[in-house]
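Below: protein36.cif (mmCIF, C-alpha atoms and all ligand atoms)
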```cif
data_query
#
loop_
_atom_site.label_atom_id
_atom_site.label_comp_id
_atom_site.auth_asym_id
_atom_site.auth_seq_id
_atom_site.Cartn_x
_atom_site.Cartn_y
_atom_site.Cartn_z
CA MET A 1 -38.42 29.53 11.52
CA ASN A 2 -36.90 30.27 8.16
CA ASN A 3 -33.85 28.32 7.14
CA LEU A 4 -30.57 29.73 8.33
CA THR A 5 -27.28 29.01 6.61
CA VAL A 6 -24.30 28.07 8.73
CA HIS A 7 -21.13 28.71 6.69
CA VAL A 8 -18.44 26.33 7.90
CA LEU A 9 -15.11 27.72 6.72
CA LYS A 10 -12.07 25.47 6.49
CA PRO A 11 -8.54 26.62 5.63
CA ALA A 12 -8.05 26.09 1.90
CA HIS A 13 -4.68 24.34 2.38
CA LEU A 14 -5.97 21.74 4.86
CA ASP A 15 -6.53 18.42 3.06
CA THR A 16 -6.35 15.94 5.93
CA GLY A 17 -10.08 15.10 5.96
CA HIS A 18 -10.68 16.37 9.52
CA ALA A 19 -12.88 19.30 8.51
CA GLU A 20 -14.84 17.20 6.00
CA ASP A 21 -15.57 14.42 8.51
CA ALA A 22 -16.91 16.91 11.05
CA PHE A 23 -18.97 18.63 8.38
CA ARG A 24 -20.57 15.35 7.27
CA VAL A 25 -21.63 14.74 10.87
CA ALA A 26 -23.29 18.15 10.94
CA GLN A 27 -25.11 17.44 7.69
CA GLN A 28 -26.85 14.37 9.07
CA ALA A 29 -29.49 16.10 11.18
CA PRO A 30 -31.91 18.03 8.99
CA GLY A 31 -33.58 21.19 10.30
CA PRO A 32 -33.63 24.95 9.87
CA LEU A 33 -29.83 25.16 10.13
CA GLN A 34 -28.35 24.40 6.71
CA PHE A 35 -24.64 23.70 6.85
CA GLU A 36 -22.33 24.64 3.97
CA LEU A 37 -18.64 23.80 3.83
CA VAL A 38 -16.52 26.51 2.22
CA GLU A 39 -12.79 26.66 1.56
CA TRP A 40 -11.45 30.02 2.57
CA GLU A 41 -7.93 31.39 2.57
CA PHE A 42 -7.11 31.79 6.26
CA ASP A 43 -4.69 30.11 8.68
CA SER A 44 -2.04 30.18 5.95
CA PRO A 45 0.85 28.15 7.41
CA ILE A 46 3.42 30.77 6.43
CA ALA A 47 1.53 33.75 7.78
CA PHE A 48 0.74 31.70 10.85
CA ARG A 49 4.40 30.89 11.56
CA GLU A 50 5.38 34.52 11.22
CA GLN A 51 2.59 35.59 13.46
CA ALA A 52 3.47 32.95 16.04
CA ARG A 53 7.05 34.18 16.11
CA ALA A 54 5.93 37.78 16.49
CA CYS A 55 3.53 36.91 19.29
CA LEU A 56 5.76 34.59 21.23
CA GLU A 57 7.48 37.37 23.12
CA ALA A 58 4.19 39.02 23.93
CA ALA A 59 2.86 35.86 25.60
CA PRO A 60 4.01 36.33 29.20
CA LYS A 61 2.77 39.91 29.25
CA VAL A 62 -0.85 38.96 28.62
CA SER A 63 -2.77 39.24 31.86
CA GLU A 64 -5.10 36.38 32.69
CA PRO A 65 -8.70 37.42 32.23
CA ALA A 66 -11.50 36.34 34.53
CA TRP A 67 -12.53 33.33 32.46
CA GLY A 68 -8.98 32.00 32.58
CA LYS A 69 -9.35 31.62 36.33
CA ILE A 70 -12.74 29.96 36.02
CA TRP A 71 -11.37 27.45 33.62
CA SER A 72 -8.25 26.58 35.48
CA ALA A 73 -10.51 25.75 38.44
CA VAL A 74 -12.64 23.52 36.23
CA ARG A 75 -9.53 21.89 34.81
CA ASN A 76 -8.21 21.04 38.27
CA GLN A 77 -11.44 19.34 39.20
CA PHE A 78 -10.95 16.38 36.88
CA GLY A 79 -8.00 14.21 36.08
CA VAL A 80 -7.28 12.55 32.78
CA ASP A 81 -5.56 9.54 34.40
CA HIS A 82 -8.41 7.07 34.05
CA LEU A 83 -9.11 7.81 30.47
CA LYS A 84 -8.53 5.27 27.82
CA ASP A 85 -7.06 6.82 24.74
CA ILE A 86 -9.36 6.64 21.78
CA GLU A 87 -7.44 6.08 18.61
CA GLN A 88 -8.71 7.04 15.22
CA ARG A 89 -7.61 9.28 12.38
CA GLU A 90 -4.21 10.57 13.36
CA PRO A 91 -4.92 13.83 15.13
CA LEU A 92 -3.60 17.04 13.71
CA GLN A 93 -0.54 18.23 15.57
CA PRO A 94 -1.50 20.90 18.08
CA ALA A 95 -0.01 24.24 17.18
CA ALA A 96 1.64 26.55 19.67
CA PRO A 97 -0.86 29.27 20.60
CA SER A 98 -0.18 32.27 18.46
CA SER A 99 -2.19 35.09 19.97
CA SER A 100 -4.20 36.36 22.90
CA LEU A 101 -7.93 35.87 22.70
CA PHE A 102 -8.34 39.56 21.99
CA SER A 103 -6.08 39.66 18.93
CA PHE A 104 -7.32 36.21 17.83
CA MET A 105 -10.91 37.46 17.73
CA ARG A 106 -9.93 40.72 16.09
CA GLN A 107 -8.25 38.74 13.34
CA PHE A 108 -11.32 36.52 12.83
CA ASP A 109 -13.64 39.53 12.90
CA GLN A 110 -11.68 40.80 9.91
CA GLN A 111 -11.79 37.41 8.20
CA GLU A 112 -15.52 37.23 8.79
CA ALA A 113 -16.10 40.70 7.34
CA ALA A 114 -14.00 39.84 4.28
CA TYR A 115 -15.85 36.56 3.77
CA ARG A 116 -19.31 38.12 4.13
CA LYS A 117 -18.38 40.84 1.68
CA ALA A 118 -16.86 38.52 -0.92
CA HIS A 119 -19.83 36.12 -0.87
CA ALA A 120 -22.59 38.64 -0.10
CA VAL A 121 -23.51 36.67 3.03
CA PRO A 122 -26.57 38.14 4.79
CA PRO A 123 -25.99 39.30 8.39
CA GLU A 124 -28.36 36.69 9.85
CA ASP A 125 -26.28 33.79 8.50
CA ILE A 126 -23.79 32.19 10.86
CA VAL A 127 -20.09 31.91 10.03
CA ILE A 128 -17.94 29.30 11.79
CA PHE A 129 -14.18 29.08 11.27
CA LEU A 130 -12.52 25.69 11.66
CA THR A 131 -9.12 26.99 12.58
CA THR A 132 -5.74 25.43 13.32
CA GLN A 133 -4.67 28.36 15.47
CA GLY A 134 -4.74 28.39 19.24
CA THR A 135 -5.02 31.16 21.79
CA PHE A 136 -2.97 31.69 24.93
CA GLU A 137 -6.18 31.14 26.90
CA ASN A 138 -6.47 27.69 25.30
CA PHE A 139 -10.05 28.02 24.08
CA LEU A 140 -11.36 25.09 22.01
CA VAL A 141 -14.47 26.99 20.93
CA VAL A 142 -14.85 30.76 20.86
CA PRO A 143 -18.39 32.04 20.33
CA GLY A 144 -18.40 35.62 19.03
CA PHE A 145 -21.37 36.64 21.24
CA SER A 146 -22.28 40.34 21.61
CA GLY A 147 -24.70 39.93 18.72
CA ARG A 148 -22.08 38.58 16.35
CA ARG A 149 -23.08 35.45 14.46
CA MET A 150 -19.55 34.13 14.27
CA GLY A 151 -17.42 31.67 16.15
CA THR A 152 -14.30 29.53 15.91
CA ILE A 153 -13.55 25.88 16.65
CA GLN A 154 -9.90 24.81 16.87
CA LEU A 155 -9.39 21.63 14.82
CA ASN A 156 -6.01 20.83 16.33
CA HIS A 157 -6.72 21.71 19.96
CA PRO A 158 -4.72 19.41 22.29
CA VAL A 159 -7.92 17.58 23.41
CA MET A 160 -8.22 16.20 19.86
CA GLN A 161 -5.24 13.97 20.70
CA ALA A 162 -7.62 11.98 22.90
CA ILE A 163 -11.09 12.47 21.36
CA PRO A 164 -11.87 11.86 17.68
CA SER A 165 -11.99 15.35 16.29
CA HIS A 166 -14.95 14.77 13.95
CA LEU A 167 -17.15 13.91 16.94
CA LEU A 168 -16.15 16.89 19.03
CA VAL A 169 -16.14 19.35 16.14
CA GLY A 170 -19.41 17.82 14.88
CA TYR A 171 -20.91 18.32 18.35
CA TYR A 172 -19.90 21.97 18.38
CA LEU A 173 -21.15 22.57 14.83
CA PHE A 174 -24.59 21.85 16.30
CA ALA A 175 -23.98 23.59 19.62
CA LEU A 176 -22.25 26.79 18.52
CA PRO A 177 -25.13 28.23 16.42
CA ILE A 178 -27.48 27.67 19.39
CA LEU A 179 -25.11 29.45 21.74
CA LEU A 180 -24.87 32.38 19.31
CA LEU A 181 -28.65 32.58 18.84
CA ALA A 182 -29.62 32.04 22.48
CA TYR A 183 -27.04 34.29 24.13
CA ALA A 184 -26.70 36.99 21.49
CA ASP A 185 -27.03 39.72 24.11
CA GLU A 186 -24.22 38.35 26.27
CA THR A 187 -20.51 38.98 26.11
CA LEU A 188 -18.11 36.06 26.47
CA GLU A 189 -17.41 37.15 30.03
CA SER A 190 -21.07 37.49 31.07
CA TYR A 191 -21.88 34.16 29.42
CA LEU A 192 -19.13 32.46 31.40
CA ALA A 193 -20.21 34.15 34.61
CA HIS A 194 -23.96 33.52 34.35
CA HIS A 195 -24.71 30.66 31.98
CA ALA A 196 -21.79 28.26 31.69
CA HIS A 197 -21.83 25.32 34.14
CA LYS A 198 -18.64 24.89 36.09
CA ASP A 199 -19.71 21.38 37.14
CA VAL A 200 -20.33 18.75 34.49
CA GLN A 201 -24.03 18.01 33.87
CA GLY A 202 -23.93 16.56 30.37
CA CYS A 203 -25.34 19.86 29.17
CA LEU A 204 -24.54 22.01 26.17
CA ASN A 205 -23.40 24.72 28.58
CA ASP A 206 -20.88 22.57 30.46
CA LEU A 207 -17.54 24.31 30.52
CA CYS A 208 -15.17 21.49 29.80
CA GLN A 209 -12.27 23.44 28.39
CA ASP A 210 -9.49 20.89 27.85
CA ASP A 211 -10.75 18.27 30.29
CA VAL A 212 -10.98 15.16 28.15
CA ARG A 213 -13.12 13.13 30.55
CA ALA A 214 -15.64 15.92 30.86
CA LEU A 215 -15.73 16.35 27.10
CA ILE A 216 -16.35 12.65 26.50
CA LEU A 217 -19.14 12.73 29.08
CA LYS A 218 -20.57 15.80 27.43
CA THR A 219 -20.69 14.27 23.97
CA LYS A 220 -22.03 10.95 25.26
CA THR A 221 -24.79 12.34 27.42
CA ALA A 222 -25.22 15.10 24.85
CA ASP A 223 -28.26 17.06 25.92
CA VAL A 224 -29.51 20.27 27.49
CA CYS A 225 -30.21 20.39 31.23
CA PRO A 226 -33.71 21.39 32.47
CA HIS A 227 -32.42 24.75 33.69
CA CYS A 228 -30.95 25.69 30.28
CA LYS A 229 -34.02 24.33 28.53
CA SER A 230 -36.28 26.73 30.37
CA GLU A 231 -33.74 29.49 29.80
CA PHE A 232 -33.97 28.81 26.03
CA GLN A 233 -37.74 29.00 26.33
CA ARG A 234 -37.55 32.30 28.21
CA ARG A 235 -35.29 33.66 25.49
CA GLN A 236 -37.82 32.47 22.89
CA LEU A 237 -35.33 30.37 21.01
CA ASP A 238 -36.92 28.63 18.04
CA TRP A 239 -37.60 25.07 19.11
CA ASP A 240 -36.96 23.61 15.64
CA VAL A 241 -33.34 24.69 16.01
CA VAL A 242 -33.11 23.13 19.46
CA ARG A 243 -34.67 19.94 18.11
CA GLN A 244 -32.16 19.83 15.27
CA MET A 245 -29.30 20.28 17.71
CA ARG A 246 -30.56 17.49 19.95
CA ASN A 247 -30.97 15.15 16.96
CA GLY A 248 -27.43 16.07 15.96
CA PHE A 249 -26.17 15.29 19.46
CA GLU A 250 -27.84 11.88 19.19
CA ILE A 251 -25.92 11.17 15.98
CA VAL A 252 -22.63 12.18 17.59
CA ARG A 253 -23.41 9.86 20.51
CA GLN A 254 -24.16 6.95 18.17
CA LEU A 255 -21.01 7.48 16.12
CA GLN A 256 -18.98 7.59 19.31
CA LEU A 257 -20.42 4.27 20.53
CA ASN A 258 -19.80 2.62 17.13
CA LEU A 259 -16.23 3.89 17.07
CA GLU A 260 -15.54 2.61 20.57
CA ASP A 261 -16.93 -0.83 19.70
CA PHE A 262 -14.70 -0.99 16.65
CA LEU A 263 -11.57 0.20 18.44
CA ASP A 264 -12.19 -2.22 21.31
CA GLY A 265 -12.36 -5.06 18.81
CA PHE A 266 -16.07 -5.90 19.17
CA SER A 267 -17.16 -5.04 15.66
CA VAL A 268 -15.95 -4.47 12.11
CA PRO A 269 -17.45 -1.42 10.42
CA ASN A 270 -18.97 -1.59 6.95
CA MET A 271 -16.99 0.16 4.25
CA THR A 272 -18.90 2.01 1.54
CA LEU A 273 -17.21 1.88 -1.82
CA GLY A 274 -18.48 4.82 -3.83
CA LEU A 275 -16.81 7.78 -5.43
CA ARG A 276 -15.66 8.26 -1.87
CA ILE A 277 -14.46 5.41 0.35
CA GLU A 278 -16.12 5.82 3.73
CA PHE A 279 -17.21 4.25 7.00
CA LYS A 280 -20.61 5.80 7.53
CA GLU A 281 -21.29 4.31 10.95
CA LEU A 282 -18.02 5.78 12.25
CA GLY A 283 -18.52 9.10 10.47
CA ILE A 284 -15.16 8.76 8.74
CA ALA A 285 -14.19 9.00 5.07
CA ILE A 286 -10.71 8.14 3.86
CA PRO A 287 -9.42 11.23 2.02
CA LEU A 288 -8.13 9.37 -1.06
CA SER A 289 -7.30 11.19 -4.27
CA PRO A 290 -9.15 9.99 -7.42
CA LYS A 291 -6.11 7.95 -8.47
CA GLU A 292 -5.71 6.39 -5.01
CA ALA A 293 -9.43 5.57 -4.80
CA ALA A 294 -9.30 3.96 -8.27
CA VAL A 295 -6.36 1.74 -7.32
CA TYR A 296 -8.00 0.83 -4.02
CA GLU A 297 -11.31 -0.07 -5.65
CA THR A 298 -9.52 -2.24 -8.22
CA PHE A 299 -7.79 -4.24 -5.49
CA VAL A 300 -11.00 -4.61 -3.48
CA GLU A 301 -12.89 -5.84 -6.56
CA ALA A 302 -10.17 -8.45 -7.21
CA GLY A 303 -11.40 -10.20 -4.06
CA SER A 304 -9.42 -12.84 -2.21
CA GLU A 305 -7.33 -13.72 -5.27
CA GLY A 306 -5.72 -10.34 -5.21
CA ILE A 307 -3.50 -8.88 -7.93
CA SER A 308 0.22 -9.27 -8.53
CA LEU A 309 1.71 -5.89 -9.27
CA HIS A 310 3.24 -7.13 -12.55
CA ASP A 311 -0.21 -8.40 -13.61
CA LEU A 312 -1.98 -5.12 -13.10
CA ASN A 313 -2.24 -4.66 -16.88
CA LYS A 314 -4.85 -7.48 -16.88
CA HIS A 315 -7.05 -5.11 -14.85
CA ARG A 316 -6.46 -2.15 -17.10
CA ASN A 317 -10.10 -1.62 -18.09
CA GLN A 318 -11.32 -1.69 -14.55
CA LEU A 319 -8.61 0.66 -13.38
CA HIS A 320 -9.42 2.96 -16.28
CA ASP A 321 -13.14 3.02 -15.47
CA ALA A 322 -12.54 3.46 -11.75
CA TYR A 323 -10.28 6.45 -12.41
CA ALA A 324 -12.40 7.93 -15.23
CA LYS A 325 -15.53 8.13 -13.07
CA ARG A 326 -13.59 10.10 -10.44
CA TYR A 327 -11.58 12.25 -12.82
CA SER A 328 -12.71 15.85 -12.81
CA GLY A 329 -10.17 17.39 -15.22
CA SER A 330 -10.91 18.42 -18.78
CA ASN A 331 -8.17 16.54 -20.61
CA ARG A 332 -9.41 12.97 -21.04
CA GLU A 333 -5.97 11.94 -22.32
CA ASP A 334 -4.74 12.38 -18.76
CA ILE A 335 -6.74 9.32 -17.80
CA ASN A 336 -4.85 7.05 -20.20
CA ARG A 337 -1.55 8.56 -19.19
CA VAL A 338 -2.18 7.95 -15.47
CA VAL A 339 -3.47 4.41 -16.03
CA ASN A 340 -0.57 3.49 -18.31
CA ARG A 341 1.92 4.55 -15.66
CA LEU A 342 0.11 2.53 -13.00
CA ILE A 343 0.17 -0.71 -15.01
CA ASP A 344 3.79 -0.31 -16.15
CA PRO A 345 5.72 -3.00 -14.18
CA LEU A 346 8.90 -0.90 -14.37
CA ASP A 347 7.27 2.21 -12.94
CA PRO A 348 7.20 2.49 -9.11
CA ASP A 349 4.05 4.67 -9.31
CA VAL A 350 1.57 1.99 -8.20
CA GLN A 351 3.70 1.00 -5.20
CA GLN A 352 3.82 4.60 -4.08
CA VAL A 353 0.06 4.89 -4.46
CA ILE A 354 -0.48 1.73 -2.38
CA SER A 355 1.79 3.06 0.40
CA LYS A 356 -0.13 6.33 0.43
CA VAL A 357 -3.50 4.57 0.52
CA ASN A 358 -2.36 2.36 3.41
CA ARG A 359 -1.00 5.33 5.33
CA LYS A 360 -4.34 7.11 5.01
CA PHE A 361 -6.30 4.07 6.24
CA ASN A 362 -3.89 3.77 9.12
CA ALA A 363 -4.32 7.44 10.00
CA ALA A 364 -8.11 7.12 9.95
CA LEU A 365 -8.61 3.75 11.66
CA GLY A 366 -5.52 3.34 13.83
CA ASP A 367 -4.26 -0.10 14.86
CA ARG A 368 -7.37 -1.89 13.67
CA CYS A 369 -6.95 -0.94 10.03
CA ALA A 370 -5.14 -4.16 8.96
CA ASP A 371 -8.06 -5.85 7.13
CA PHE A 372 -8.68 -2.74 5.05
CA LEU A 373 -5.11 -2.31 3.78
CA ILE A 374 -3.80 -3.46 0.40
CA SER A 375 -1.38 -6.07 1.67
CA GLY A 376 0.60 -9.13 0.63
CA LYS A 377 4.09 -10.58 0.88
CA LYS A 378 6.78 -9.45 -1.51
CA GLY A 379 6.32 -11.06 -4.94
CA GLU A 380 2.87 -12.43 -4.02
CA PRO A 381 -0.52 -11.01 -5.05
CA LYS A 382 -1.75 -8.07 -2.98
CA ARG A 383 -5.29 -8.05 -1.65
CA VAL A 384 -7.72 -6.34 0.71
CA LEU A 385 -8.62 -8.94 3.31
CA VAL A 386 -11.86 -7.55 4.70
CA GLN A 387 -14.81 -9.92 4.35
CA ARG A 388 -17.13 -9.07 1.48
CA HIS A 389 -20.22 -8.70 3.65
CA HIS A 390 -18.56 -5.66 5.19
CA ILE A 391 -18.46 -3.89 1.83
CA ARG A 392 -21.33 -1.68 0.61
CA ARG A 393 -21.58 -0.10 -2.81
CA SER A 394 -23.12 3.25 -3.51
ZN ZN B 1 -27.45 23.47 31.31
#
```
Here is the file; what I need is its structure written in the form of C-alpha cells.
Amino acid sequence: MNNLTVHVLKPAHLDTGHAEDAFRVAQQAPGPLQFELVEWEFDSPIAFREQARACLEAAPKVSEPAWGKIWSAVRNQFGVDHLKDIEQREPLQPAAPSSSLFSFMRQFDQQEAAYRKAHAVPPEDIVIFLTTQGTFENFLVVPGFSGRRMGTIQLNHPVMQAIPSHLLVGYYLFALPILLLAYADETLESYLAHHAHKDVQGCLNDLCQDDVRALILKTKTADVCPHCKSEFQRRQLDWDVVRQMRNGFEIVRQLQLNLEDFLDGFSVPNMTLGLRIEFKELGIAIPLSPKEAAVYETFVEAGSEGISLHDLNKHRNQLHDAYAKRYSGSNREDINRVVNRLIDPLDPDVQQVISKVNRKFNAALGDRCADFLISGKKGEPKRVLVQRHHIRRS
C-alpha cells in the first residue's frame, strides 16, 4: 500500500503538551500511515463559550438517538468503583458539551473542508481533529464514516481524568484510521449496530464509551479479536496498516505499564535532556519554553552542589549557551537580554521561571515528581535531586 498521511489537527491555542504527547506516541510505530501534527484554528475558546451558551437551552430538546441507548446499557454494565486513579499530567478540564452530535459533525465537516482546501490535502488523506469540545451524546471518538476520511477525538473527555490522555489518544490515533478505512461504507449507526462489541473483548471495536475500566482493559490488551480480524480480511483491508496499528497498540501497552510502575513507586524513569526535556519510556515531554528549559538544564548540570540564586551569574556562559541553542528568534541580542535578567539577583525573573518549571513537572508526573524539581531551602543552593544515572543526553 502507498503511504497515507494522517493529518492530526490540534487547536492552535492549546499549549498544554497533551496533543504533542499523544502525537509522539503515534509516531513511534512506522508503517504506511504517516502522522503529521498541524496547528489549526478551531475550538477557539471565545467562539466555543458563545456556542456553548447558545446551545445550552437546546440541550434538553435533543432526542436520544439509538446509539445513546446502546451506550447507556454498556455504561451500566461496569462500575468504576474498583479503579485506582492513575495520576499523571494534570488532565485538561472537561468542557460542558456544547452541541448535539449532528451539529458537532456538521461543524467539523466544515473545518475539514476548509483545512483540505487551504493545504491542498488530497481526498485519500485522513484528517483527525483533537478537539476540546464535547457532544451531548458524550462521544470520546467520532469516526466520520460514510466514506469520509475524518474523525474527532476529544482531548478533555471526562475519562481523561482517570486515564493518561496521551495513551488513550495515542491508541485512537492508531485505531481511528483503521475504522475509517475498514468501515467506510457504514454509517455511525450501522457501525454501532453491526460491528461494535457491546461486551468488552480487548478488541479495537469494543464500545467502551466513558467506562474507565473497560478503556484501561482495552488499551492493555490492545488487539483485534478473531472475528474482527477475519472481517478486516473480508473487507480487503491492507495488512500493513493493520500491522502498524497492532505495533502501535503494543507501544501504548508498554508505556502504560511503565507509567504504572513509576506511579506505584517501583521505578524511576530516565529523563532525556535534549532540546526537549522528556521521559521517553512514559511517553511524556515536559512542555517547557526555551527559557525554562535553559534554566532547568543549567540547574541539572550543576549536579548535587546546586546553585544559589545570587550566584547564578557564575553560570552565565552555560545559561547563555543553553538558551541560545533553543532560541528560534532572529534578534540575537534578545539572548543576552534574557540571560542578563535571569542572573540579576534583584530581578525576580529566575524565581518565577523556577516556579513555572516545577508546576509543569508536577502537572506531568503528579505526586512522584519531587526528585525532578528544582528545589532547596530558602537561602540555600537549589538543585535537581534525581540521580545522575537517570539522566540521558541527546
Ligand atoms: Zn472485535
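Among the candidates A:Ala193, A:Val252, A:Ala294, A:Val338, the one nearest to Glu281 (chain A) when counting all atoms listed in the file is A:Val252.
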Next on the checklist: Can you pull out every residue with an atom within 7 Å of ligand ZN 1 (chain B)? Use all atoms listed in the file and format it as a PyMOL selection string.
Outcome noted: chain A and resi 197+201+203-206+224-228
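Distances here use only C-alpha atoms; by that measure, the residue among A:Ala222, A:Ile284, A:Ser330, A:Asn270 closest to Gln387 (chain A) is A:Asn270.
CA of Lys218 (chain A) lies 7.7 Å from CA of Val200 (chain A).
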Checklist outcome for this item: Here CA of Cys208 (chain A) and CA of Phe279 (chain A) stand apart by 28.7 Å
Rebuild region 3-18 of chain A to N, CA and C atoms - output it as a short mmCIF file (atom, residue, chain, number, x, y, z; two decimals), keeping the file's coordinate frame, please.
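The resulting file, part09.cif, is shown below:
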```
data_model
loop_
_atom_site.label_atom_id
_atom_site.label_comp_id
_atom_site.auth_asym_id
_atom_site.auth_seq_id
_atom_site.Cartn_x
_atom_site.Cartn_y
_atom_site.Cartn_z
N ASN A 3 -35.15 28.97 7.14
CA ASN A 3 -33.85 28.32 7.14
C ASN A 3 -32.74 29.35 7.36
N LEU A 4 -31.70 28.87 8.01
CA LEU A 4 -30.57 29.73 8.33
C LEU A 4 -29.33 29.00 7.87
N THR A 5 -28.48 29.68 7.10
CA THR A 5 -27.28 29.01 6.61
C THR A 5 -26.14 29.17 7.61
N VAL A 6 -25.51 28.04 7.90
CA VAL A 6 -24.30 28.07 8.73
C VAL A 6 -23.12 27.82 7.79
N HIS A 7 -22.30 28.84 7.58
CA HIS A 7 -21.13 28.71 6.69
C HIS A 7 -19.98 28.16 7.51
N VAL A 8 -19.56 26.95 7.17
CA VAL A 8 -18.44 26.33 7.90
C VAL A 8 -17.19 26.54 7.05
N LEU A 9 -16.29 27.38 7.52
CA LEU A 9 -15.11 27.72 6.72
C LEU A 9 -13.91 26.89 7.16
N LYS A 10 -13.30 26.21 6.17
CA LYS A 10 -12.07 25.47 6.49
C LYS A 10 -10.90 26.09 5.74
N PRO A 11 -9.70 26.04 6.33
CA PRO A 11 -8.54 26.62 5.63
C PRO A 11 -8.34 25.90 4.30
N ALA A 12 -8.12 26.67 3.24
CA ALA A 12 -8.05 26.09 1.90
C ALA A 12 -6.91 25.07 1.76
N HIS A 13 -5.84 25.24 2.55
CA HIS A 13 -4.68 24.34 2.38
C HIS A 13 -4.85 23.02 3.13
N LEU A 14 -5.86 22.91 3.98
CA LEU A 14 -5.97 21.74 4.86
C LEU A 14 -6.67 20.59 4.14
N ASP A 15 -5.91 19.51 3.83
CA ASP A 15 -6.53 18.42 3.06
C ASP A 15 -6.47 17.09 3.81
N THR A 16 -6.52 17.16 5.13
CA THR A 16 -6.35 15.94 5.93
C THR A 16 -7.66 15.18 6.13
N GLY A 17 -8.79 15.77 5.78
CA GLY A 17 -10.08 15.10 5.96
C GLY A 17 -10.77 15.43 7.27
N HIS A 18 -10.08 16.10 8.20
CA HIS A 18 -10.68 16.37 9.52
C HIS A 18 -11.90 17.29 9.41
#
```
